[in-house]
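Here the structure comes first, spelled out in structure tokens, and everything after it is commentary.
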Number of protein chains: 2
Amino acid sequence: MIARGFQEEKLDDTSLAELKVLGRLGRGDILTMTTLAGSGHPGGSMSSLEMFLILYHLAKLTPKRPDFPGRDRIVISHGHTSPGAYAALGRAGFFPVEAAVLGFRALGTVFEGHVERSVPGIEWDTGNLGQGLSAGCGFALAGRMLHLDFQVYVVMGCGEQQKGQISEARRFAVKYGLNHITALVDYNNRQISGETREIMPQNIKANWEADGWKVVELDGHDLPAIYQALRAGRQEKSRPTLILAHTVMGKGVSFMEGKEKWHGAALPDDLYTQAMEELELPNVLAELRERRKKGDYPRVAPARKVVPLRINPGEPRSYGPEAKSDNRSAWGGALEDIAKLNCGVLGQSPVAVLDCDLASSVKTTAFAKSCPQHFFQGGIQEHHTATLAGALSTMGVLTFFADFGVFGICETYNQARLNDINGTQLKVVLTHTGLDVGEDGKTHQCIDFLGLAANLFGFKVIVPADPNQTDRAVRHLAVAEGNFLLAMGRSRQPVLCDEAGRPHFADGYRFEYGKMEKLREGDQGAILAMGPMTGRALSAWKILQEKGARFAVYNVPCPLALKPEELKEAAATGLLITYEDHHVATGLGSRVANALADLGLKVKLVRLGITGYGASAKPEELWEEMGLGVDHLVAAALESRRR
Amino acid sequence: MIARGFQEEKLDDTSLAELKVLGRLGRGDILTMTTLAGSGHPGGSMSSLEMFLILYHLAKLTPKRPDFPGRDRIVISHGHTSPGAYAALGRAGFFPVEAAVLGFRALGTVFEGHVERSVPGIEWDTGNLGQGLSAGCGFALAGRMLHLDFQVYVVMGCGEQQKGQISEARRFAVKYGLNHITALVDYNNRQISGETREIMPQNIKANWEADGWKVVELDGHDLPAIYQALRAGRQEKSRPTLILAHTVMGKGVSFMEGKEKWHGAALPDDLYTQAMEELELPNVLAELRERRKKGDYPRVAPARKVVPLRINPGEPRSYGPEAKSDNRSAWGGALEDIAKLNCGVLGQSPVAVLDCDLASSVKTTAFAKSCPQHFFQGGIQEHHTATLAGALSTMGVLTFFADFGVFGICETYNQARLNDINGTQLKVVLTHTGLDVGEDGKTHQCIDFLGLAANLFGFKVIVPADPNQTDRAVRHLAVAEGNFLLAMGRSRQPVLCDEAGRPHFADGYRFEYGKMEKLREGDQGAILAMGPMTGRALSAWKILQEKGARFAVYNVPCPLALKPEELKEAAATGLLITYEDHHVATGLGSRVANALADLGLKVKLVRLGITGYGASAKPEELWEEMGLGVDHLVAAALESRRR
């Protein structure tokens with residue numbers, strides 16, 4: 001085979017002959033693995049195969065060292081074509097092809113139904129369509145930031161072109177001159193329900209051209225043509241290229257060709273036999289089936305491709321008792337510090353911020369000014385931006401996606417979910433959560449961020465109570481592994497102080513994920529408050545004191561990680577009252593109820609939270625309306641306390 | 001003013017003069033209401049105002065009877081331009097304009113920060129950008145189904161054009177020949193962060209033309225030109241029309257024009273004074289502020305525009321003990337019955353099904369065959385389809401949106417949220433939930449549908465356990481008000497029978513929302529099982545019996561509506577074990593923990609559910625791997641039971 005990297009003028013005859021043989025073998029692999037598994041997607045795997053073969057054999061990759069930093073990135077966006085990708089990867093030496101053929105969709109192997117980055121050579125888990133190009137944009141941006149010279153290839157399906165997120169990604173790529181992306185569409189004109197042109201008529205070429213891409217049409221089974229187009233795409237410096245590859249679903253087996261039936265169904269044994277005959281390949285299905293059953297096949301260890309970070313979080317900023325700040329601004333300040341200490345500093349990881357047209361509100365303008373080359377304006381394209389941020393965060397770039405809560409998680413929940421599945425290291429920063437949003441009304445009041453994030457196994461959530469805690473939380477998550485969600489309201493928060501007037505979360509305070517903070521003592525019950533309600537709980541405490549009621553007040557900044565011993569201590573008062581600016585059924589109160597049940601703790605629990613969509617009014621009015629005023633908390637405490 | 005309906009050849013001079021005056025007054029209204037409220041979006045309101053004025057004055061509407069069924073539908077997709085819409089509606093007689101000017105963004109009024117359909121004349125709540133055209137498609141489809149001759153107008157912002165969902169809606173409109181939609185873009189070239197053409201370069205005209213729309217460009221402040229274009233759009237029968245209206249943000253007040261600053265900020269008093277002078281309008285701000293403070297202004301009663309349904313749910317189908325069916329097929333069967341009894345039947349409401357290229361898997365093909373004119377194939381465009389379905393469901397059409405769980409709620413959570421805020425009557429039918437999805441792997445395993453739906457105040461969730469219960473649940477939700485989510489797995493479920501072998505949920509069983517069903521007696525604990533785990537709980541019960549352990553088994557099909565008395569009965573056994581094919585932190589177990597806390601019930605709770613993303617394998621293997629096998633349930637029961 002000719003050298004990798006598309007440096008040769010054209011595909012030579014030897015390489016062409018080799019690839020043709022691999023095409024035949026690869027089709028056999030696809031059919032064998034799906035028939036053995038009894039499920040899977042052979043049709044699209046066979047139409048994409050020539051593209052997969054050329055990419056995995058001739059892109060700048062090192063099969064024996066698939067995590068080489070300067071490698072080209074290949075994203076398989078139509079993840080159900082995993083059999084094709086596995087066949088091509090196996091035949092290119094990334095792993096023994098047998099491991100995939102026999103282990104496809106079997107418990108305990110990396111060869112899942114939709115491609116996952118645990119497979120050597122796979123860069124991004126997909127399965128939800130329409131997200132791959134956004135991930136590719138993330139890789140391309142990272143390449144530029146890290147001065148790595150690689151090309152990004154994104155292979156997609158044609159039905160997938162219907163997804164709106166792709167249009168967002170197209171525009172972003174053109175805006176940022178990500179001309180080192182080559183996208184490929186496997187245009188087999190078939191999707192589950194029939195012909196793509198009938199299911200949803202679409203002029204794919206016109207769509208891409210309208211957004212400024214160069215479009216090359218070719219026969220997607222013509223190996224020399226694909227080679228030439230990929231080579232040209234690599235040389236094209238003025239705009240990104242789409243290769244619109246006309247293909248045939250089920251290509252290579254006469255009775256499968258052009259039949260949508262084989263999009264998502266494995267051949268039964270008799271048809272498998274017929275197909276292997278047609279491909280002139282040996283048929284040892286019975287033997288293979290026996291080996292699969294016995295687990296008699298090589299295993300491939302899961303690959304891990306997340307690049308570790310090196311970040312200096314700097315020294316915390318402290319806000320005094322008189323400081324007039326909101327948590328958003330405290331986040332913006334800490335971000336600015338971190339940018340200065342790391343962006344462009346030798347040996348430190350770069351820091352990137354993704355915005356969706358809300359920088360001034362989410363307080364990232366200072367960052368944008370001091371670090372303009374690492375501030376990316378995604379426009380009103382949240383789906384794309386969320387995915388891009390996730391991919392970027394795996395590349396050794398400390399990545400913040402800052403947005404209003406309703407856009408940063410409600411709108412993009414499924415992007416966060418796929419990021420999480422990908423094991424990203426994304427820091428999602430949400431402002432404008434809760435009724436604290438105020439007059440913008442219910443569509444903009446994100447009262448469910450915790451209820452959403454609680455479904456994502458890899459996300460940690462921090463809800464800081466005041467500017468000091470916010471500052472320290474930001475520095476914590478900047479150096480912590482994994483996905484975080486930092487959630488803040490909109491309005492100014494008082495700096496929380498102890499009874500002597502000293503700030504709670506300034507000097508001497510260190511943010512520790514999961515830790516509750518006891519702010520006031522009391523033995524007739526404990527108020528567990530989250531975020532902006534903590535300051536209000538302290539106001540209630542004072543009133544309660546005056547009325548002779550002794551309540552402890554705890555701040556709970558990490559509601560998804562309650563510590564048993566801390567909860568037990570609070571529960572020892574005999575009464576817990578949760579107090580939050582969040583949907584009462586899915587927020588802090590719900591997490592406490594769950595934890596109590598798990599611990600078998602018998603304690604009275606009163607949950608104060610949001611019980612309906614909010615209106616347009618000032619936050620104070622909304623809280624009052626919703627029974628969340630300080631007076632309501634006082635009343636609930638007095639009514640429920642242990643005497 | 002000339003007659004409504006764009007029948008006149010052109011805007012006559014008198015009407016033009018009147019509209020011009022209204023433009024000046026309307027601008028005053030916009031500025032007054034935002035300055036009084038101290039927040040809001042004057043800039044876009046002023047650039048959209050001429051379009052709003054013509055639409056609300058000259059479209060086929062009856063201000064005194066804003067719910068007239070044959071009315072044109074006007075959707076304000078860029079909902080933050082509410083001041084402009086309220087001014088135009090008020091000036092057109094839909095309500096006293098004073099009510100909006102003084103009550104804007106005040107608690108207890110309908111005039112919220114983003115438009116809501118509780119305001120007479122407003123058809124759809126927006127605020128999340130990019131969804132309005134999809135809602136418009138829903139209205140347009142309904143018009144056709146109900147043989148109502150009306151036009152649909154959708155007004156959008158230019159920054160909003162970045163949202164991918166719009167491209168999905170465009171294609172759908174063309175596919176279904178919804179040529180009675182006229183879309184309008186307020187192209188003021190400004191969004192929060194600056195010039196739209198810089199924030200995200202986009203050729204809006206080319207985007208729309210590529211998807212088959214006719215595009216007319218004009219000056220969006222030129223009243224006669226807008227009139228002509230709207231008239232032409234109404235007459236155009238070959239394709240839908242986009243009016244790309246070039247406008248000026250803040251139009252009409254010199255110092256506001258072209259300044260993105262005024263996108264989302266009210267004028268302070270001094271600038272307000274200056275603006276009113278320029279508009280030659282009286283300035284009585286102090287007096288109005290006093291009246292607003294005192295609440296001294298007319299109130300407008302919330303409008304309600306959801307059309308009630310008339311549906312015959314038919315007689316349940318019963319599945320005998322030997323039936324081999326999955327719940328999906330039972331849903332498909334019930335749907336077919338309902339379609340036959342209502343579609344095209346005099347006096348009954350029509351039934352519509354929305355599909356996203358999964359009809360054969362979500363079992364709506366029988367419906368598509370028997371009722372092809374009411375089956376809509378949205379392609380792989382879930383965001384668009386979810387919104388469209390919501391809008392359609394408000395129009396007197398029984399609307400089902402059937403999809404895989406991961407697309408029908410994870411991908412479209414925010415669409416469901418906005419539907420819910422709109423008070424839709426949508427029936428979302430999810431198949432392929434849980435690890436029961438099997439080999440397609442983690443991206444396709446929707447293990448969070450309950451965790452998501454629990455955040456939506458208006459959604460009821462039903463998780464049926466077997467084909468009989470599924471059938472009855474479908475007939476229930478077909479005639480019940482409000483939004484429902486019906487969640488089913490993928491695999492075949494045994495028909496659940498009592499100890500004598502008689503089906504539990506067939507003859508004599510009536511589905512009642514919220515009711516738990518006690519399937520087996522026992523006094524050492526109670527197993528609360530949901531969906532596909534119920535049959536497995538019965539298997540465990542048998543093993544437990546043999547081991548001398550006496551457990552009650554309950555089926556819980558409505559986990560969001562647990563009834564206290566039923567829970568108390570189960571809790572009286574001293575031990576509850578929840579057993580579900582759902583994320584353990586956010587599913588049935590979590591709901592039970594919450595309910596126990598609310599009721600103050602002291603009972604041991606053991607929660608068995610999903611604790612990590614699933615792999616690619618057979619459901620049985622996955623459950624076993626995740627500690628959810630029948631053997632695990634038996635072991636947990638034996639270990640925890642009361643002795």
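Residues in the structure tokens are numbered from 1 in each chain, the chains being A, B, ... in the order shown, and ligands are numbered from 1 in the order shown.
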
Quick one: which residues from chain B are at most 6 Å off chain A, using only C-alpha atoms, as a PDB file with C-alpha atoms, in the first residue's frame?
ATOM      1  CA  ARG B 105     -43.841  41.610  33.003  1.00  0.00           C
ATOM      2  CA  ALA B 106     -45.887  42.215  36.140  1.00  0.00           C
ATOM      3  CA  LEU B 107     -46.971  39.355  38.349  1.00  0.00           C
ATOM      4  CA  GLU B 112     -45.105  37.939  30.195  1.00  0.00           C
ATOM      5  CA  GLY B 113     -41.599  38.607  28.972  1.00  0.00           C
ATOM      6  CA  GLY B 127     -38.899  32.094  24.091  1.00  0.00           C
ATOM      7  CA  GLN B 162     -28.898  29.899  13.106  1.00  0.00           C
ATOM      8  CA  LYS B 163     -31.005  27.272  14.868  1.00  0.00           C
ATOM      9  CA  GLY B 164     -30.897  23.952  13.059  1.00  0.00           C
ATOM     10  CA  GLN B 165     -34.496  23.081  13.825  1.00  0.00           C
ATOM     11  CA  SER B 167     -33.969  23.750   8.490  1.00  0.00           C
ATOM     12  CA  GLU B 168     -35.910  20.670   9.546  1.00  0.00           C
ATOM     13  CA  SER B 193     -23.352  40.003  20.768  1.00  0.00           C
ATOM     14  CA  ILE B 199     -21.584  36.462  14.892  1.00  0.00           C
ATOM     15  CA  MET B 200     -22.475  33.651  12.517  1.00  0.00           C
ATOM     16  CA  ALA B 206     -29.683  30.649   0.029  1.00  0.00           C
ATOM     17  CA  ASN B 207     -30.578  28.456   3.024  1.00  0.00           C
ATOM     18  CA  ALA B 210     -31.936  25.388  -1.026  1.00  0.00           C
ATOM     19  CA  ASP B 357     -38.318   7.128  10.316  1.00  0.00           C
ATOM     20  CA  GLY B 379     -37.797  11.964   8.725  1.00  0.00           C
ATOM     21  CA  ILE B 380     -34.829  12.054  11.080  1.00  0.00           C
ATOM     22  CA  GLN B 381     -35.929  15.462  12.351  1.00  0.00           C
ATOM     23  CA  CYS B 410     -33.871  12.641  25.545  1.00  0.00           C
ATOM     24  CA  GLU B 411     -33.260  14.364  22.233  1.00  0.00           C
ATOM     25  CA  ASN B 414     -36.757  21.020  25.497  1.00  0.00           C
ATOM     26  CA  GLU B 439     -27.664  -4.770  21.433  1.00  0.00           C
ATOM     27  CA  ASP B 440     -28.056  -1.258  20.050  1.00  0.00           C
ATOM     28  CA  GLY B 441     -26.199  -0.183  23.149  1.00  0.00           C
ATOM     29  CA  THR B 443     -26.841   5.568  23.021  1.00  0.00           C
ATOM     30  CA  SER B 590     -36.635   7.715  43.504  1.00  0.00           C
ATOM     31  CA  ALA B 593     -38.391   7.570  48.218  1.00  0.00           C
ATOM     32  CA  ASN B 594     -39.878  11.007  47.645  1.00  0.00           C
ATOM     33  CA  ALA B 597     -40.606  11.210  52.741  1.00  0.00           C
ATOM     34  CA  LEU B 605     -36.622   0.838  50.960  1.00  0.00           C
ATOM     35  CA  SER B 616     -24.299  -3.934  23.765  1.00  0.00           C
ATOM     36  CA  ALA B 617     -25.759  -7.322  24.579  1.00  0.00           C
TER      37      ALA B 617
END

Exercise. Got a sec to tell me which of region 126-263 of chain A DSSP assigns to strand (DSSP E), as JSON, numbers by chain?
Worked result: {"A": [152, 153, 154, 155, 156, 157, 181, 182, 183, 184, 185, 186, 187, 190, 191, 194, 195, 214, 215, 216, 217, 218, 219, 241, 242, 243, 244, 245, 246]}

Exercise. Neighbours of region 139-149 of chain A within 10 Å (only C-alpha atoms; same-chain residues fewer than 3 positions away dropped), as a ChimeraX atom specification?
Worked result: /A:69-75,123,133-136,152-153,173,176-181,344,349-352,373-374,376,388-397

For this session: For Ala561 (chain A), work out the shell of residues within 10 Å, counting only C-alpha atoms and skipping chain neighbours fewer than 4 positions away, then give it as JSON, numbers by chain.
Result: {"A": [460, 461, 462, 513, 514, 515, 516, 556, 557, 591, 592, 595]}

Problem set entry | Nearby residues (only C-alpha atoms) at most 8 Å from region 214-221 of chain A, same-chain spacing under 2 positions excluded, as a ChimeraX atom specification | /A:47-48,50-51,186,205,208-209,212,223,225-226,229,239-247

Problem set entry | Among listed residues A:Ala286, A:Pro42, A:Tyr554, A:Gly26, nearest Leu267 (chain A) (using only C-alpha atoms) |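 Among the listed residues, A:Pro42 lies closest to Leu267 (chain A).
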
Problem set entry | alpha helix (DSSP H) per DSSP on the backbone: members of region 61-106 of chain A, as a list of chain:residue names | A:Ser82, A:Pro83, A:Gly84, A:Ala85, A:Tyr86, A:Ala87, A:Ala88, A:Leu89, A:Gly90, A:Arg91, A:Val97, A:Glu98, A:Ala99, A:Ala100, A:Val101, A:Leu102, A:Gly103

Could you write out that same residue set with N, CA, C and O atoms as a CSV table (one decimal), in the first residue's frame?
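As a result, part07.csv now contains:
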chain,number,residue,atom,x,y,z
A,82,SER,N,-21.1,0.6,12.4
A,82,SER,CA,-19.9,0.0,13.1
A,82,SER,C,-19.4,-1.2,12.5
A,82,SER,O,-18.1,-1.4,12.4
A,83,PRO,N,-20.2,-2.1,11.9
A,83,PRO,CA,-19.5,-3.3,11.3
A,83,PRO,C,-18.5,-2.9,10.2
A,83,PRO,O,-17.5,-3.5,10.1
A,84,GLY,N,-18.9,-1.9,9.4
A,84,GLY,CA,-18.0,-1.5,8.4
A,84,GLY,C,-16.8,-0.8,8.9
A,84,GLY,O,-15.6,-1.1,8.5
A,85,ALA,N,-16.9,0.0,9.9
A,85,ALA,CA,-15.8,0.6,10.6
A,85,ALA,C,-14.9,-0.4,11.2
A,85,ALA,O,-13.6,-0.3,11.1
A,86,TYR,N,-15.4,-1.4,11.9
A,86,TYR,CA,-14.6,-2.4,12.6
A,86,TYR,C,-13.9,-3.2,11.6
A,86,TYR,O,-12.7,-3.6,11.8
A,87,ALA,N,-14.6,-3.6,10.5
A,87,ALA,CA,-13.9,-4.4,9.5
A,87,ALA,C,-12.7,-3.6,8.9
A,87,ALA,O,-11.6,-4.2,8.8
A,88,ALA,N,-12.9,-2.4,8.5
A,88,ALA,CA,-11.8,-1.6,7.9
A,88,ALA,C,-10.7,-1.4,8.9
A,88,ALA,O,-9.5,-1.5,8.6
A,89,LEU,N,-11.0,-1.1,10.2
A,89,LEU,CA,-10.0,-0.9,11.2
A,89,LEU,C,-9.2,-2.2,11.4
A,89,LEU,O,-8.0,-2.2,11.5
A,90,GLY,N,-10.0,-3.3,11.5
A,90,GLY,CA,-9.3,-4.6,11.8
A,90,GLY,C,-8.4,-4.9,10.6
A,90,GLY,O,-7.2,-5.3,10.8
A,91,ARG,N,-8.9,-4.7,9.4
A,91,ARG,CA,-8.1,-5.1,8.2
A,91,ARG,C,-6.9,-4.1,8.1
A,91,ARG,O,-5.9,-4.4,7.4
A,97,VAL,N,-8.9,-8.5,13.3
A,97,VAL,CA,-10.3,-8.3,12.8
A,97,VAL,C,-11.2,-9.4,13.4
A,97,VAL,O,-12.4,-9.1,13.6
A,98,GLU,N,-10.7,-10.5,13.7
A,98,GLU,CA,-11.4,-11.6,14.3
A,98,GLU,C,-12.1,-11.1,15.6
A,98,GLU,O,-13.1,-11.6,16.0
A,99,ALA,N,-11.3,-10.3,16.3
A,99,ALA,CA,-11.9,-9.8,17.6
A,99,ALA,C,-13.2,-9.1,17.4
A,99,ALA,O,-14.1,-9.3,18.2
A,100,ALA,N,-13.3,-8.4,16.3
A,100,ALA,CA,-14.6,-7.7,16.1
A,100,ALA,C,-15.6,-8.6,15.4
A,100,ALA,O,-16.8,-8.6,15.8
A,101,VAL,N,-15.1,-9.4,14.5
A,101,VAL,CA,-16.1,-10.3,13.8
A,101,VAL,C,-16.8,-11.3,14.8
A,101,VAL,O,-18.0,-11.5,14.8
A,102,LEU,N,-16.0,-11.8,15.8
A,102,LEU,CA,-16.6,-12.7,16.7
A,102,LEU,C,-17.2,-12.0,17.9
A,102,LEU,O,-18.1,-12.5,18.6
A,103,GLY,N,-16.7,-10.8,18.3
A,103,GLY,CA,-17.1,-10.2,19.5
A,103,GLY,C,-18.1,-9.1,19.3
A,103,GLY,O,-18.5,-8.4,20.3

Problem set entry | 12 Å contact set for Phe367 (chain A), only C-alpha atoms, chain neighbours under 3 positions out, as a ChimeraX atom specification | /A:329,331-340,343,351-355,359-360,362-364,370-376,400,402

Would you export the selected residues with N, CA, C and O atoms as a tab-separated table (two decimals), in the first residue's frame, please?
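Result file follows (selection-v1.tsv):
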chain	number	residue	atom	x	y	z
A	329	SER	N	-20.58	36.89	38.09
A	329	SER	CA	-19.38	37.72	37.97
A	329	SER	C	-18.19	37.07	38.67
A	329	SER	O	-17.05	37.18	38.21
A	331	TRP	N	-17.69	33.90	38.89
A	331	TRP	CA	-17.23	32.88	37.93
A	331	TRP	C	-16.39	33.53	36.85
A	331	TRP	O	-15.30	33.05	36.52
A	332	GLY	N	-16.88	34.65	36.33
A	332	GLY	CA	-16.14	35.35	35.28
A	332	GLY	C	-14.76	35.78	35.75
A	332	GLY	O	-13.78	35.71	35.00
A	333	GLY	N	-14.68	36.21	37.00
A	333	GLY	CA	-13.40	36.64	37.55
A	333	GLY	C	-12.42	35.47	37.68
A	333	GLY	O	-11.24	35.57	37.30
A	334	ALA	N	-12.92	34.37	38.22
A	334	ALA	CA	-12.04	33.20	38.38
A	334	ALA	C	-11.58	32.70	37.01
A	334	ALA	O	-10.42	32.31	36.82
A	335	LEU	N	-12.49	32.73	36.06
A	335	LEU	CA	-12.14	32.30	34.70
A	335	LEU	C	-11.02	33.16	34.13
A	335	LEU	O	-10.08	32.65	33.51
A	336	GLU	N	-11.14	34.44	34.35
A	336	GLU	CA	-10.13	35.36	33.84
A	336	GLU	C	-8.77	35.02	34.44
A	336	GLU	O	-7.75	34.97	33.74
A	337	ASP	N	-8.75	34.77	35.74
A	337	ASP	CA	-7.50	34.39	36.41
A	337	ASP	C	-6.91	33.13	35.78
A	337	ASP	O	-5.72	33.07	35.47
A	338	ILE	N	-7.76	32.15	35.62
A	338	ILE	CA	-7.28	30.86	35.11
A	338	ILE	C	-6.75	31.02	33.69
A	338	ILE	O	-5.73	30.44	33.32
A	339	ALA	N	-7.43	31.83	32.91
A	339	ALA	CA	-6.96	32.07	31.54
A	339	ALA	C	-5.56	32.68	31.57
A	339	ALA	O	-4.67	32.23	30.84
A	340	LYS	N	-5.38	33.67	32.41
A	340	LYS	CA	-4.09	34.34	32.44
A	340	LYS	C	-2.96	33.42	32.87
A	340	LYS	O	-1.82	33.54	32.41
A	343	CYS	N	-3.36	30.13	29.60
A	343	CYS	CA	-3.42	30.34	28.16
A	343	CYS	C	-2.08	30.88	27.67
A	343	CYS	O	-1.65	31.95	28.10
A	351	VAL	N	-6.95	27.04	27.55
A	351	VAL	CA	-8.31	27.15	28.09
A	351	VAL	C	-9.20	27.71	26.98
A	351	VAL	O	-8.83	28.69	26.33
A	352	ALA	N	-10.34	27.09	26.78
A	352	ALA	CA	-11.25	27.58	25.74
A	352	ALA	C	-12.62	27.85	26.35
A	352	ALA	O	-13.05	27.17	27.28
A	353	VAL	N	-13.29	28.86	25.82
A	353	VAL	CA	-14.65	29.16	26.24
A	353	VAL	C	-15.54	29.17	25.00
A	353	VAL	O	-15.22	29.80	24.00
A	354	LEU	N	-16.65	28.46	25.11
A	354	LEU	CA	-17.64	28.42	24.03
A	354	LEU	C	-18.84	29.23	24.45
A	354	LEU	O	-19.38	29.03	25.54
A	355	ASP	N	-19.27	30.11	23.56
A	355	ASP	CA	-20.41	30.97	23.87
A	355	ASP	C	-21.50	30.80	22.81
A	355	ASP	O	-21.22	30.51	21.65
A	359	ALA	N	-22.42	36.06	25.92
A	359	ALA	CA	-21.20	36.31	26.70
A	359	ALA	C	-21.38	37.37	27.77
A	359	ALA	O	-20.92	37.21	28.90
A	360	SER	N	-22.08	38.46	27.43
A	360	SER	CA	-22.19	39.54	28.41
A	360	SER	C	-23.01	39.09	29.62
A	360	SER	O	-22.76	39.52	30.74
A	362	VAL	N	-23.41	35.80	30.60
A	362	VAL	CA	-22.79	34.67	31.30
A	362	VAL	C	-21.37	35.02	31.73
A	362	VAL	O	-20.64	34.16	32.23
A	363	LYS	N	-21.02	36.28	31.55
A	363	LYS	CA	-19.80	36.85	32.13
A	363	LYS	C	-18.51	36.24	31.60
A	363	LYS	O	-17.58	35.96	32.37
A	364	THR	N	-18.47	36.06	30.31
A	364	THR	CA	-17.23	35.57	29.72
A	364	THR	C	-16.57	36.63	28.83
A	364	THR	O	-15.65	36.33	28.08
A	370	SER	N	-9.26	39.02	27.00
A	370	SER	CA	-7.86	38.71	27.33
A	370	SER	C	-7.36	37.50	26.55
A	370	SER	O	-6.16	37.30	26.43
A	371	CYS	N	-8.27	36.73	25.99
A	371	CYS	CA	-7.86	35.48	25.33
A	371	CYS	C	-8.70	35.27	24.07
A	371	CYS	O	-9.33	34.23	23.91
A	372	PRO	N	-8.74	36.27	23.20
A	372	PRO	CA	-9.69	36.23	22.08
A	372	PRO	C	-9.52	35.01	21.17
A	372	PRO	O	-10.50	34.52	20.60
A	373	GLN	N	-8.30	34.53	21.05
A	373	GLN	CA	-8.09	33.41	20.14
A	373	GLN	C	-8.65	32.10	20.69
A	373	GLN	O	-8.74	31.11	19.97
A	374	HIS	N	-9.01	32.08	21.97
A	374	HIS	CA	-9.58	30.87	22.56
A	374	HIS	C	-11.03	31.04	22.98
A	374	HIS	O	-11.58	30.22	23.70
A	375	PHE	N	-11.62	32.12	22.53
A	375	PHE	CA	-13.03	32.37	22.79
A	375	PHE	C	-13.78	32.10	21.48
A	375	PHE	O	-13.48	32.72	20.46
A	376	PHE	N	-14.73	31.20	21.52
A	376	PHE	CA	-15.41	30.81	20.30
A	376	PHE	C	-16.90	31.14	20.39
A	376	PHE	O	-17.60	30.66	21.28
A	400	PHE	N	-14.74	25.24	28.69
A	400	PHE	CA	-15.95	25.72	29.37
A	400	PHE	C	-17.02	26.02	28.33
A	400	PHE	O	-16.77	26.73	27.36
A	402	ALA	N	-20.37	27.89	28.44
A	402	ALA	CA	-21.13	28.75	29.35
A	402	ALA	C	-22.40	29.24	28.66
A	402	ALA	O	-22.34	29.78	27.56
